[in-house]
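In what follows, a single structure is set out as structure tokens and then discussed.
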Amino acid sequence: MAEVMHTCAAAGASFLIAVLWFDLMFDVQTRRRGGGDLPAEVLASIGGYYRRVTTQATPMNRLITLVMAVTVVSIVVEIVRGGAPWWVGWISLAAAVGGIGRAATRTVPDAVRLGRALDPVEVQSRLARSIYRDHVFCLAVMGVVLGLQLTVGI
């Protein structure tokens, strides 16, 4: 059972890393610009992507929520069953909940708002840069989860 939980947690982290990679392919457009307003074509590109993946992709976008839940539940079961050193489960849980919590409370609402393109350019630019930073953070913490789960699962 412990190996199944490691596999589920690792698979979930891998899937979420892949999703983040796709998001970051659009987000990196914010890095090539200074701190001012982003050009209209950059905002249109990033905003169009987030409009498609957050609102127009229903019900497929719900798969990401399901994978997030399965990943966290797998780690919790791993902790409860004691199938790994205690610190692996707890660090994995903290990292996963930190990244998923940020995505749920800030990143996704900001992406939906950016996708609507109703805010002034300066607000859209701030949202795009914030989403980029959030995704880099989430990529790092999901990398921690994946690394820990693969190390213990070996």
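Chain identifiers are assigned as A, B, and so on, following the order in which chains appear in the structure tokens; residues are numbered from 1 within each chain, and ligands are numbered from 1 in order of appearance.
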Just want the 9 Å neighbourhood of Arg51 in chain A, counted on only C-alpha atoms, with same-chain residues fewer than 5 positions away dropped. Output as a list in words.
Ile46, Gln56, Ala57, Ala111, Val112, Arg113, Leu114, Gly115, Arg116 and Ala117 of chain A
Check which residues of range 47-115 of chain A sit at most 12 Å from range 119-137 of chain A using only C-alpha atoms, and return one row each with the closest pair of atoms and their distance in Å to one decimal, ordered by chain and rising number, as a Markdown table.
| residue | atom | partner | partner_atom | distance |
| --- | --- | --- | --- | --- |
| A:Gly47 | CA | A:Ala128 | CA | 8.2 |
| A:Gly48 | CA | A:Ala128 | CA | 11.7 |
| A:Tyr49 | CA | A:Ala128 | CA | 11.4 |
| A:Tyr50 | CA | A:Ala128 | CA | 10.0 |
| A:Ala95 | CA | A:Phe137 | CA | 10.0 |
| A:Ala96 | CA | A:Phe137 | CA | 11.1 |
| A:Gly98 | CA | A:Phe137 | CA | 9.3 |
| A:Gly99 | CA | A:Phe137 | CA | 7.1 |
| A:Ile100 | CA | A:Asp134 | CA | 10.4 |
| A:Gly101 | CA | A:Asp134 | CA | 10.8 |
| A:Arg102 | CA | A:Asp134 | CA | 7.4 |
| A:Ala103 | CA | A:Asp134 | CA | 7.4 |
| A:Ala104 | CA | A:Asp134 | CA | 11.0 |
| A:Thr105 | CA | A:Asp134 | CA | 11.0 |
| A:Arg106 | CA | A:Asp134 | CA | 8.4 |
| A:Thr107 | CA | A:Ile131 | CA | 5.7 |
| A:Val108 | CA | A:Ile131 | CA | 8.4 |
| A:Pro109 | CA | A:Ile131 | CA | 9.8 |
| A:Asp110 | CA | A:Leu127 | CA | 6.1 |
| A:Ala111 | CA | A:Ile131 | CA | 7.0 |
| A:Val112 | CA | A:Leu127 | CA | 10.1 |
| A:Arg113 | CA | A:Asp119 | CA | 8.1 |
| A:Leu114 | CA | A:Gln124 | CA | 5.9 |
| A:Gly115 | CA | A:Gln124 | CA | 9.2 |
Would you put the residues from that selection into a file with N, CA and C atoms, as a PDB file, in the first residue's frame?
ATOM      1  N   GLY A  47      -3.243  36.452 -21.495  1.00  0.00           N
ATOM      2  CA  GLY A  47      -4.658  36.501 -21.125  1.00  0.00           C
ATOM      3  C   GLY A  47      -5.502  35.524 -21.916  1.00  0.00           C
ATOM      4  N   GLY A  48      -5.213  35.395 -23.202  1.00  0.00           N
ATOM      5  CA  GLY A  48      -5.951  34.440 -24.037  1.00  0.00           C
ATOM      6  C   GLY A  48      -5.734  33.016 -23.581  1.00  0.00           C
ATOM      7  N   TYR A  49      -4.506  32.693 -23.227  1.00  0.00           N
ATOM      8  CA  TYR A  49      -4.203  31.356 -22.714  1.00  0.00           C
ATOM      9  C   TYR A  49      -4.989  31.087 -21.435  1.00  0.00           C
ATOM     10  N   TYR A  50      -4.939  32.021 -20.492  1.00  0.00           N
ATOM     11  CA  TYR A  50      -5.638  31.789 -19.230  1.00  0.00           C
ATOM     12  C   TYR A  50      -7.153  31.805 -19.376  1.00  0.00           C
ATOM     13  N   ALA A  95       4.776  21.058   1.357  1.00  0.00           N
ATOM     14  CA  ALA A  95       5.082  21.595   0.027  1.00  0.00           C
ATOM     15  C   ALA A  95       3.860  21.551  -0.878  1.00  0.00           C
ATOM     16  N   ALA A  96       3.178  20.400  -0.893  1.00  0.00           N
ATOM     17  CA  ALA A  96       1.997  20.261  -1.756  1.00  0.00           C
ATOM     18  C   ALA A  96       0.893  21.230  -1.350  1.00  0.00           C
ATOM     19  N   GLY A  98       1.221  23.971   0.352  1.00  0.00           N
ATOM     20  CA  GLY A  98       1.666  25.341   0.089  1.00  0.00           C
ATOM     21  C   GLY A  98       1.451  25.748  -1.355  1.00  0.00           C
ATOM     22  N   GLY A  99       1.845  24.895  -2.276  1.00  0.00           N
ATOM     23  CA  GLY A  99       1.673  25.204  -3.696  1.00  0.00           C
ATOM     24  C   GLY A  99       0.219  25.181  -4.134  1.00  0.00           C
ATOM     25  N   ILE A 100      -0.489  24.152  -3.722  1.00  0.00           N
ATOM     26  CA  ILE A 100      -1.899  24.020  -4.109  1.00  0.00           C
ATOM     27  C   ILE A 100      -2.729  25.123  -3.454  1.00  0.00           C
ATOM     28  N   GLY A 101      -2.411  25.433  -2.198  1.00  0.00           N
ATOM     29  CA  GLY A 101      -3.124  26.512  -1.514  1.00  0.00           C
ATOM     30  C   GLY A 101      -2.939  27.853  -2.198  1.00  0.00           C
ATOM     31  N   ARG A 102      -1.705  28.135  -2.605  1.00  0.00           N
ATOM     32  CA  ARG A 102      -1.452  29.391  -3.320  1.00  0.00           C
ATOM     33  C   ARG A 102      -2.197  29.408  -4.643  1.00  0.00           C
ATOM     34  N   ALA A 103      -2.166  28.288  -5.350  1.00  0.00           N
ATOM     35  CA  ALA A 103      -2.873  28.228  -6.637  1.00  0.00           C
ATOM     36  C   ALA A 103      -4.370  28.470  -6.455  1.00  0.00           C
ATOM     37  N   ALA A 104      -4.947  27.841  -5.448  1.00  0.00           N
ATOM     38  CA  ALA A 104      -6.399  27.949  -5.235  1.00  0.00           C
ATOM     39  C   ALA A 104      -6.824  29.334  -4.770  1.00  0.00           C
ATOM     40  N   THR A 105      -6.022  29.941  -3.908  1.00  0.00           N
ATOM     41  CA  THR A 105      -6.451  31.209  -3.314  1.00  0.00           C
ATOM     42  C   THR A 105      -6.012  32.443  -4.082  1.00  0.00           C
ATOM     43  N   ARG A 106      -4.947  32.329  -4.858  1.00  0.00           N
ATOM     44  CA  ARG A 106      -4.451  33.513  -5.540  1.00  0.00           C
ATOM     45  C   ARG A 106      -4.226  33.317  -7.030  1.00  0.00           C
ATOM     46  N   THR A 107      -3.503  32.278  -7.416  1.00  0.00           N
ATOM     47  CA  THR A 107      -3.084  32.147  -8.807  1.00  0.00           C
ATOM     48  C   THR A 107      -4.267  31.955  -9.746  1.00  0.00           C
ATOM     49  N   VAL A 108      -5.138  31.009  -9.430  1.00  0.00           N
ATOM     50  CA  VAL A 108      -6.283  30.756 -10.323  1.00  0.00           C
ATOM     51  C   VAL A 108      -7.217  31.963 -10.386  1.00  0.00           C
ATOM     52  N   PRO A 109      -7.596  32.577  -9.247  1.00  0.00           N
ATOM     53  CA  PRO A 109      -8.429  33.784  -9.370  1.00  0.00           C
ATOM     54  C   PRO A 109      -7.761  34.893 -10.189  1.00  0.00           C
ATOM     55  N   ASP A 110      -6.446  35.062 -10.016  1.00  0.00           N
ATOM     56  CA  ASP A 110      -5.737  36.070 -10.818  1.00  0.00           C
ATOM     57  C   ASP A 110      -5.741  35.704 -12.298  1.00  0.00           C
ATOM     58  N   ALA A 111      -5.581  34.408 -12.612  1.00  0.00           N
ATOM     59  CA  ALA A 111      -5.581  33.961 -14.009  1.00  0.00           C
ATOM     60  C   ALA A 111      -6.954  34.159 -14.645  1.00  0.00           C
ATOM     61  N   VAL A 112      -8.009  33.873 -13.899  1.00  0.00           N
ATOM     62  CA  VAL A 112      -9.368  34.103 -14.409  1.00  0.00           C
ATOM     63  C   VAL A 112      -9.557  35.590 -14.682  1.00  0.00           C
ATOM     64  N   ARG A 113      -9.136  36.407 -13.741  1.00  0.00           N
ATOM     65  CA  ARG A 113      -9.274  37.863 -13.900  1.00  0.00           C
ATOM     66  C   ARG A 113      -8.469  38.358 -15.092  1.00  0.00           C
ATOM     67  N   LEU A 114      -7.224  37.877 -15.241  1.00  0.00           N
ATOM     68  CA  LEU A 114      -6.400  38.278 -16.377  1.00  0.00           C
ATOM     69  C   LEU A 114      -7.039  37.818 -17.692  1.00  0.00           C
ATOM     70  N   GLY A 115      -7.607  36.623 -17.695  1.00  0.00           N
ATOM     71  CA  GLY A 115      -8.258  36.098 -18.892  1.00  0.00           C
ATOM     72  C   GLY A 115      -9.455  36.912 -19.341  1.00  0.00           C
TER      73      GLY A 115
END
Test item, helix (DSSP H, G or I) assignment across chain A, answer as a compact mmCIF listing (two decimals) with N, CA and C atoms, in the first residue's frame:
# COMPACT_ATOMS: atom_id res chain seq x y z
N ALA A 2 1.99 1.22 0.73
CA ALA A 2 2.86 2.40 0.80
C ALA A 2 3.39 2.77 -0.58
N GLU A 3 3.77 1.75 -1.34
CA GLU A 3 4.29 2.04 -2.68
C GLU A 3 3.22 2.65 -3.58
N VAL A 4 1.98 2.22 -3.42
CA VAL A 4 0.88 2.78 -4.20
C VAL A 4 0.72 4.26 -3.87
N MET A 5 0.82 4.62 -2.59
CA MET A 5 0.67 6.02 -2.19
C MET A 5 1.83 6.86 -2.72
N HIS A 6 3.05 6.33 -2.67
CA HIS A 6 4.19 7.05 -3.24
C HIS A 6 3.99 7.25 -4.74
N THR A 7 3.51 6.22 -5.39
CA THR A 7 3.28 6.29 -6.84
C THR A 7 2.21 7.32 -7.16
N CYS A 8 1.12 7.31 -6.41
CA CYS A 8 0.04 8.29 -6.64
C CYS A 8 0.52 9.71 -6.40
N ALA A 9 1.25 9.91 -5.30
CA ALA A 9 1.77 11.25 -5.00
C ALA A 9 2.77 11.70 -6.06
N ALA A 10 3.65 10.81 -6.47
CA ALA A 10 4.65 11.15 -7.49
C ALA A 10 3.98 11.42 -8.84
N ALA A 11 3.00 10.61 -9.18
CA ALA A 11 2.29 10.82 -10.45
C ALA A 11 1.54 12.14 -10.43
N GLY A 12 0.89 12.43 -9.31
CA GLY A 12 0.18 13.71 -9.19
C GLY A 12 1.12 14.89 -9.30
N ALA A 13 2.25 14.82 -8.59
CA ALA A 13 3.23 15.91 -8.66
C ALA A 13 3.77 16.05 -10.09
N SER A 14 4.01 14.94 -10.75
CA SER A 14 4.51 14.98 -12.13
C SER A 14 3.50 15.64 -13.06
N PHE A 15 2.23 15.27 -12.92
CA PHE A 15 1.17 15.87 -13.75
C PHE A 15 1.11 17.38 -13.50
N LEU A 16 1.15 17.77 -12.24
CA LEU A 16 1.06 19.20 -11.92
C LEU A 16 2.28 19.96 -12.42
N ILE A 17 3.45 19.34 -12.38
CA ILE A 17 4.64 19.97 -12.94
C ILE A 17 4.48 20.17 -14.44
N ALA A 18 3.89 19.20 -15.12
CA ALA A 18 3.66 19.33 -16.57
C ALA A 18 2.70 20.48 -16.86
N VAL A 19 1.65 20.60 -16.06
CA VAL A 19 0.69 21.71 -16.24
C VAL A 19 1.40 23.04 -16.00
N LEU A 20 2.20 23.10 -14.95
CA LEU A 20 2.94 24.33 -14.65
C LEU A 20 3.90 24.69 -15.78
N TRP A 21 4.50 23.68 -16.38
CA TRP A 21 5.42 23.93 -17.50
C TRP A 21 4.68 24.62 -18.65
N PHE A 22 3.49 24.13 -18.96
CA PHE A 22 2.72 24.77 -20.03
C PHE A 22 2.35 26.20 -19.66
N ASP A 23 1.94 26.41 -18.40
CA ASP A 23 1.62 27.76 -17.95
C ASP A 23 2.84 28.68 -18.08
N LEU A 24 3.98 28.17 -17.65
CA LEU A 24 5.19 28.98 -17.68
C LEU A 24 5.64 29.33 -19.09
N MET A 25 5.27 28.51 -20.08
CA MET A 25 5.61 28.85 -21.46
C MET A 25 4.98 30.18 -21.87
N PHE A 26 3.83 30.50 -21.29
CA PHE A 26 3.21 31.80 -21.55
C PHE A 26 3.71 32.85 -20.57
N ASP A 27 3.85 32.47 -19.30
CA ASP A 27 4.25 33.40 -18.25
C ASP A 27 5.61 34.04 -18.50
N VAL A 28 6.54 33.31 -19.12
CA VAL A 28 7.90 33.84 -19.29
C VAL A 28 7.93 35.10 -20.15
N GLN A 29 6.87 35.37 -20.86
CA GLN A 29 6.82 36.60 -21.64
C GLN A 29 6.94 37.83 -20.76
N THR A 30 6.60 37.69 -19.48
CA THR A 30 6.71 38.83 -18.57
C THR A 30 8.16 39.13 -18.20
N ALA A 40 0.63 45.22 -25.27
CA ALA A 40 -0.71 44.67 -25.51
C ALA A 40 -0.65 43.25 -26.06
N GLU A 41 0.31 42.96 -26.97
CA GLU A 41 0.39 41.63 -27.56
C GLU A 41 0.80 40.57 -26.52
N VAL A 42 1.61 40.96 -25.55
CA VAL A 42 2.00 40.03 -24.48
C VAL A 42 0.80 39.75 -23.58
N LEU A 43 0.09 40.80 -23.20
CA LEU A 43 -1.10 40.62 -22.36
C LEU A 43 -2.18 39.81 -23.09
N ALA A 44 -2.31 40.05 -24.39
CA ALA A 44 -3.30 39.29 -25.17
C ALA A 44 -2.92 37.81 -25.23
N SER A 45 -1.65 37.52 -25.40
CA SER A 45 -1.18 36.14 -25.46
C SER A 45 -1.40 35.42 -24.13
N ILE A 46 -0.93 36.03 -23.05
CA ILE A 46 -1.07 35.41 -21.74
C ILE A 46 -2.53 35.35 -21.32
N GLY A 47 -3.24 36.45 -21.49
CA GLY A 47 -4.66 36.50 -21.12
C GLY A 47 -5.50 35.52 -21.92
N GLY A 48 -5.21 35.40 -23.20
CA GLY A 48 -5.95 34.44 -24.04
C GLY A 48 -5.73 33.02 -23.58
N TYR A 49 -4.51 32.69 -23.23
CA TYR A 49 -4.20 31.36 -22.71
C TYR A 49 -4.99 31.09 -21.43
N TYR A 50 -4.94 32.02 -20.49
CA TYR A 50 -5.64 31.79 -19.23
C TYR A 50 -7.15 31.80 -19.38
N ARG A 51 -7.67 32.54 -20.33
CA ARG A 51 -9.11 32.49 -20.60
C ARG A 51 -9.49 31.08 -21.08
N ARG A 52 -8.67 30.51 -21.96
CA ARG A 52 -8.96 29.17 -22.47
C ARG A 52 -8.87 28.12 -21.37
N VAL A 53 -7.81 28.15 -20.57
CA VAL A 53 -7.58 27.06 -19.62
C VAL A 53 -8.37 27.19 -18.32
N THR A 54 -8.80 28.40 -17.96
CA THR A 54 -9.54 28.55 -16.71
C THR A 54 -11.05 28.54 -16.88
N THR A 55 -11.54 29.06 -17.98
CA THR A 55 -13.00 29.16 -18.13
C THR A 55 -13.55 28.42 -19.34
N GLN A 56 -12.83 28.42 -20.43
CA GLN A 56 -13.35 27.79 -21.63
C GLN A 56 -13.06 26.29 -21.70
N ARG A 62 -11.18 20.76 -14.64
CA ARG A 62 -11.45 20.18 -13.32
C ARG A 62 -10.53 18.99 -13.02
N LEU A 63 -9.94 18.43 -14.05
CA LEU A 63 -8.99 17.33 -13.85
C LEU A 63 -7.82 17.79 -12.98
N ILE A 64 -7.39 19.02 -13.15
CA ILE A 64 -6.28 19.55 -12.35
C ILE A 64 -6.68 19.57 -10.88
N THR A 65 -7.88 20.00 -10.57
CA THR A 65 -8.36 20.00 -9.19
C THR A 65 -8.39 18.59 -8.62
N LEU A 66 -8.85 17.64 -9.42
CA LEU A 66 -8.89 16.25 -8.98
C LEU A 66 -7.48 15.73 -8.69
N VAL A 67 -6.53 16.01 -9.56
CA VAL A 67 -5.16 15.55 -9.36
C VAL A 67 -4.56 16.20 -8.11
N MET A 68 -4.85 17.46 -7.89
CA MET A 68 -4.37 18.12 -6.67
C MET A 68 -4.90 17.38 -5.43
N ALA A 69 -6.19 17.07 -5.44
CA ALA A 69 -6.80 16.38 -4.30
C ALA A 69 -6.21 14.98 -4.11
N VAL A 70 -6.06 14.25 -5.19
CA VAL A 70 -5.49 12.89 -5.10
C VAL A 70 -4.06 12.95 -4.57
N THR A 71 -3.31 13.93 -5.00
CA THR A 71 -1.92 14.07 -4.54
C THR A 71 -1.88 14.30 -3.03
N VAL A 72 -2.68 15.23 -2.55
CA VAL A 72 -2.70 15.54 -1.11
C VAL A 72 -3.21 14.35 -0.31
N VAL A 73 -4.29 13.72 -0.76
CA VAL A 73 -4.84 12.56 -0.04
C VAL A 73 -3.81 11.42 0.00
N SER A 74 -3.11 11.21 -1.09
CA SER A 74 -2.07 10.16 -1.13
C SER A 74 -0.99 10.42 -0.09
N ILE A 75 -0.58 11.67 0.03
CA ILE A 75 0.45 12.01 1.02
C ILE A 75 -0.09 11.83 2.44
N VAL A 76 -1.33 12.23 2.67
CA VAL A 76 -1.92 12.07 4.00
C VAL A 76 -2.01 10.59 4.37
N VAL A 77 -2.45 9.76 3.44
CA VAL A 77 -2.52 8.31 3.69
C VAL A 77 -1.12 7.76 3.97
N GLU A 78 -0.15 8.24 3.24
CA GLU A 78 1.24 7.83 3.45
C GLU A 78 1.69 8.17 4.88
N ILE A 79 1.34 9.35 5.36
CA ILE A 79 1.69 9.76 6.72
C ILE A 79 0.98 8.88 7.75
N VAL A 80 -0.32 8.68 7.56
CA VAL A 80 -1.12 7.90 8.51
C VAL A 80 -0.64 6.46 8.58
N ARG A 81 -0.33 5.88 7.45
CA ARG A 81 0.11 4.47 7.41
C ARG A 81 1.58 4.30 7.77
N TRP A 86 8.95 9.75 8.68
CA TRP A 86 7.94 10.76 9.00
C TRP A 86 8.20 12.08 8.30
N TRP A 87 9.46 12.48 8.16
CA TRP A 87 9.77 13.77 7.59
C TRP A 87 9.47 13.85 6.10
N VAL A 88 9.53 12.72 5.41
CA VAL A 88 9.22 12.71 3.97
C VAL A 88 7.76 13.08 3.76
N GLY A 89 6.88 12.44 4.51
CA GLY A 89 5.46 12.72 4.38
C GLY A 89 5.10 14.14 4.76
N TRP A 90 5.64 14.60 5.88
CA TRP A 90 5.28 15.93 6.37
C TRP A 90 5.86 17.04 5.47
N ILE A 91 7.08 16.87 4.99
CA ILE A 91 7.63 17.88 4.08
C ILE A 91 6.87 17.86 2.76
N SER A 92 6.54 16.66 2.28
CA SER A 92 5.74 16.54 1.04
C SER A 92 4.39 17.22 1.21
N LEU A 93 3.76 16.98 2.35
CA LEU A 93 2.44 17.57 2.60
C LEU A 93 2.53 19.08 2.67
N ALA A 94 3.51 19.59 3.40
CA ALA A 94 3.66 21.05 3.51
C ALA A 94 3.93 21.68 2.14
N ALA A 95 4.78 21.06 1.36
CA ALA A 95 5.08 21.60 0.03
C ALA A 95 3.86 21.55 -0.88
N ALA A 96 3.18 20.40 -0.89
CA ALA A 96 2.00 20.26 -1.76
C ALA A 96 0.89 21.23 -1.35
N VAL A 97 0.61 21.30 -0.06
CA VAL A 97 -0.46 22.19 0.41
C VAL A 97 -0.07 23.66 0.19
N GLY A 98 1.22 23.97 0.35
CA GLY A 98 1.67 25.34 0.09
C GLY A 98 1.45 25.75 -1.36
N GLY A 99 1.85 24.89 -2.28
CA GLY A 99 1.67 25.20 -3.70
C GLY A 99 0.22 25.18 -4.13
N ILE A 100 -0.49 24.15 -3.72
CA ILE A 100 -1.90 24.02 -4.11
C ILE A 100 -2.73 25.12 -3.45
N GLY A 101 -2.41 25.43 -2.20
CA GLY A 101 -3.12 26.51 -1.51
C GLY A 101 -2.94 27.85 -2.20
N ARG A 102 -1.71 28.14 -2.61
CA ARG A 102 -1.45 29.39 -3.32
C ARG A 102 -2.20 29.41 -4.64
N ALA A 103 -2.17 28.29 -5.35
CA ALA A 103 -2.87 28.23 -6.64
C ALA A 103 -4.37 28.47 -6.46
N ALA A 104 -4.95 27.84 -5.45
CA ALA A 104 -6.40 27.95 -5.24
C ALA A 104 -6.82 29.33 -4.77
N THR A 105 -6.02 29.94 -3.91
CA THR A 105 -6.45 31.21 -3.31
C THR A 105 -6.01 32.44 -4.08
N ARG A 106 -4.95 32.33 -4.86
CA ARG A 106 -4.45 33.51 -5.54
C ARG A 106 -4.23 33.32 -7.03
N THR A 107 -3.50 32.28 -7.42
CA THR A 107 -3.08 32.15 -8.81
C THR A 107 -4.27 31.95 -9.75
N VAL A 108 -5.14 31.01 -9.43
CA VAL A 108 -6.28 30.76 -10.32
C VAL A 108 -7.22 31.96 -10.39
N PRO A 109 -7.60 32.58 -9.25
CA PRO A 109 -8.43 33.78 -9.37
C PRO A 109 -7.76 34.89 -10.19
N ASP A 110 -6.45 35.06 -10.02
CA ASP A 110 -5.74 36.07 -10.82
C ASP A 110 -5.74 35.70 -12.30
N ALA A 111 -5.58 34.41 -12.61
CA ALA A 111 -5.58 33.96 -14.01
C ALA A 111 -6.95 34.16 -14.64
N VAL A 112 -8.01 33.87 -13.90
CA VAL A 112 -9.37 34.10 -14.41
C VAL A 112 -9.56 35.59 -14.68
N ARG A 113 -9.14 36.41 -13.74
CA ARG A 113 -9.27 37.86 -13.90
C ARG A 113 -8.47 38.36 -15.09
N LEU A 114 -7.22 37.88 -15.24
CA LEU A 114 -6.40 38.28 -16.38
C LEU A 114 -7.04 37.82 -17.69
N GLY A 115 -7.61 36.62 -17.69
CA GLY A 115 -8.26 36.10 -18.89
C GLY A 115 -9.46 36.91 -19.34
N ARG A 116 -10.09 37.58 -18.41
CA ARG A 116 -11.24 38.43 -18.75
C ARG A 116 -10.83 39.73 -19.45
N VAL A 121 -4.39 48.21 -18.18
CA VAL A 121 -3.13 47.56 -18.56
C VAL A 121 -2.21 47.40 -17.36
N GLU A 122 -2.12 48.39 -16.50
CA GLU A 122 -1.20 48.28 -15.36
C GLU A 122 -1.64 47.17 -14.40
N VAL A 123 -2.93 46.96 -14.24
CA VAL A 123 -3.42 45.88 -13.37
C VAL A 123 -3.18 44.53 -14.05
N GLN A 124 -3.45 44.44 -15.34
CA GLN A 124 -3.19 43.20 -16.07
C GLN A 124 -1.71 42.84 -16.03
N SER A 125 -0.85 43.83 -16.14
CA SER A 125 0.60 43.60 -16.08
C SER A 125 0.99 43.07 -14.70
N ARG A 126 0.44 43.65 -13.66
CA ARG A 126 0.72 43.19 -12.29
C ARG A 126 0.23 41.77 -12.10
N LEU A 127 -0.97 41.46 -12.60
CA LEU A 127 -1.51 40.10 -12.49
C LEU A 127 -0.63 39.10 -13.22
N ALA A 128 -0.21 39.44 -14.43
CA ALA A 128 0.62 38.52 -15.22
C ALA A 128 1.94 38.24 -14.51
N ARG A 129 2.56 39.25 -13.95
CA ARG A 129 3.83 39.05 -13.23
C ARG A 129 3.61 38.24 -11.94
N SER A 130 2.52 38.48 -11.26
CA SER A 130 2.21 37.73 -10.04
C SER A 130 1.96 36.26 -10.35
N ILE A 131 1.25 36.00 -11.42
CA ILE A 131 1.00 34.61 -11.85
C ILE A 131 2.31 33.91 -12.17
N TYR A 132 3.19 34.60 -12.86
CA TYR A 132 4.50 34.03 -13.18
C TYR A 132 5.25 33.64 -11.90
N ARG A 133 5.32 34.56 -10.95
CA ARG A 133 6.03 34.27 -9.69
C ARG A 133 5.38 33.11 -8.95
N ASP A 134 4.06 33.09 -8.92
CA ASP A 134 3.35 31.99 -8.26
C ASP A 134 3.67 30.66 -8.93
N HIS A 135 3.71 30.64 -10.24
CA HIS A 135 3.99 29.39 -10.95
C HIS A 135 5.42 28.92 -10.71
N VAL A 136 6.36 29.83 -10.62
CA VAL A 136 7.74 29.43 -10.30
C VAL A 136 7.78 28.81 -8.91
N PHE A 137 7.10 29.43 -7.95
CA PHE A 137 7.03 28.88 -6.59
C PHE A 137 6.39 27.49 -6.61
N CYS A 138 5.27 27.36 -7.29
CA CYS A 138 4.57 26.07 -7.35
C CYS A 138 5.42 25.00 -8.03
N LEU A 139 6.14 25.37 -9.07
CA LEU A 139 7.03 24.42 -9.73
C LEU A 139 8.10 23.92 -8.75
N ALA A 140 8.65 24.83 -7.97
CA ALA A 140 9.69 24.45 -7.01
C ALA A 140 9.13 23.51 -5.95
N VAL A 141 7.98 23.84 -5.37
CA VAL A 141 7.46 22.98 -4.30
C VAL A 141 6.97 21.64 -4.82
N MET A 142 6.41 21.61 -6.02
CA MET A 142 6.00 20.31 -6.57
C MET A 142 7.23 19.49 -6.95
N GLY A 143 8.31 20.15 -7.31
CA GLY A 143 9.58 19.44 -7.54
C GLY A 143 10.08 18.79 -6.25
N VAL A 144 9.90 19.48 -5.13
CA VAL A 144 10.27 18.91 -3.83
C VAL A 144 9.43 17.66 -3.55
N VAL A 145 8.12 17.78 -3.78
CA VAL A 145 7.22 16.63 -3.56
C VAL A 145 7.66 15.45 -4.43
N LEU A 146 7.87 15.71 -5.70
CA LEU A 146 8.25 14.64 -6.62
C LEU A 146 9.58 14.02 -6.19
N GLY A 147 10.56 14.85 -5.88
CA GLY A 147 11.86 14.34 -5.47
C GLY A 147 11.78 13.45 -4.23
N LEU A 148 11.05 13.91 -3.23
CA LEU A 148 10.90 13.11 -2.01
C LEU A 148 10.17 11.81 -2.28
N GLN A 149 9.10 11.87 -3.04
CA GLN A 149 8.31 10.67 -3.29
C GLN A 149 9.09 9.66 -4.13
N LEU A 150 9.86 10.14 -5.08
CA LEU A 150 10.67 9.22 -5.89
C LEU A 150 11.80 8.62 -5.07
N THR A 151 12.39 9.41 -4.21
CA THR A 151 13.49 8.92 -3.38
C THR A 151 13.02 7.82 -2.44
N VAL A 152 11.86 8.01 -1.81
CA VAL A 152 11.34 7.01 -0.88
C VAL A 152 10.77 5.81 -1.61
N GLY A 153 10.22 6.06 -2.79
CA GLY A 153 9.59 4.98 -3.54
C GLY A 153 10.57 4.03 -4.19
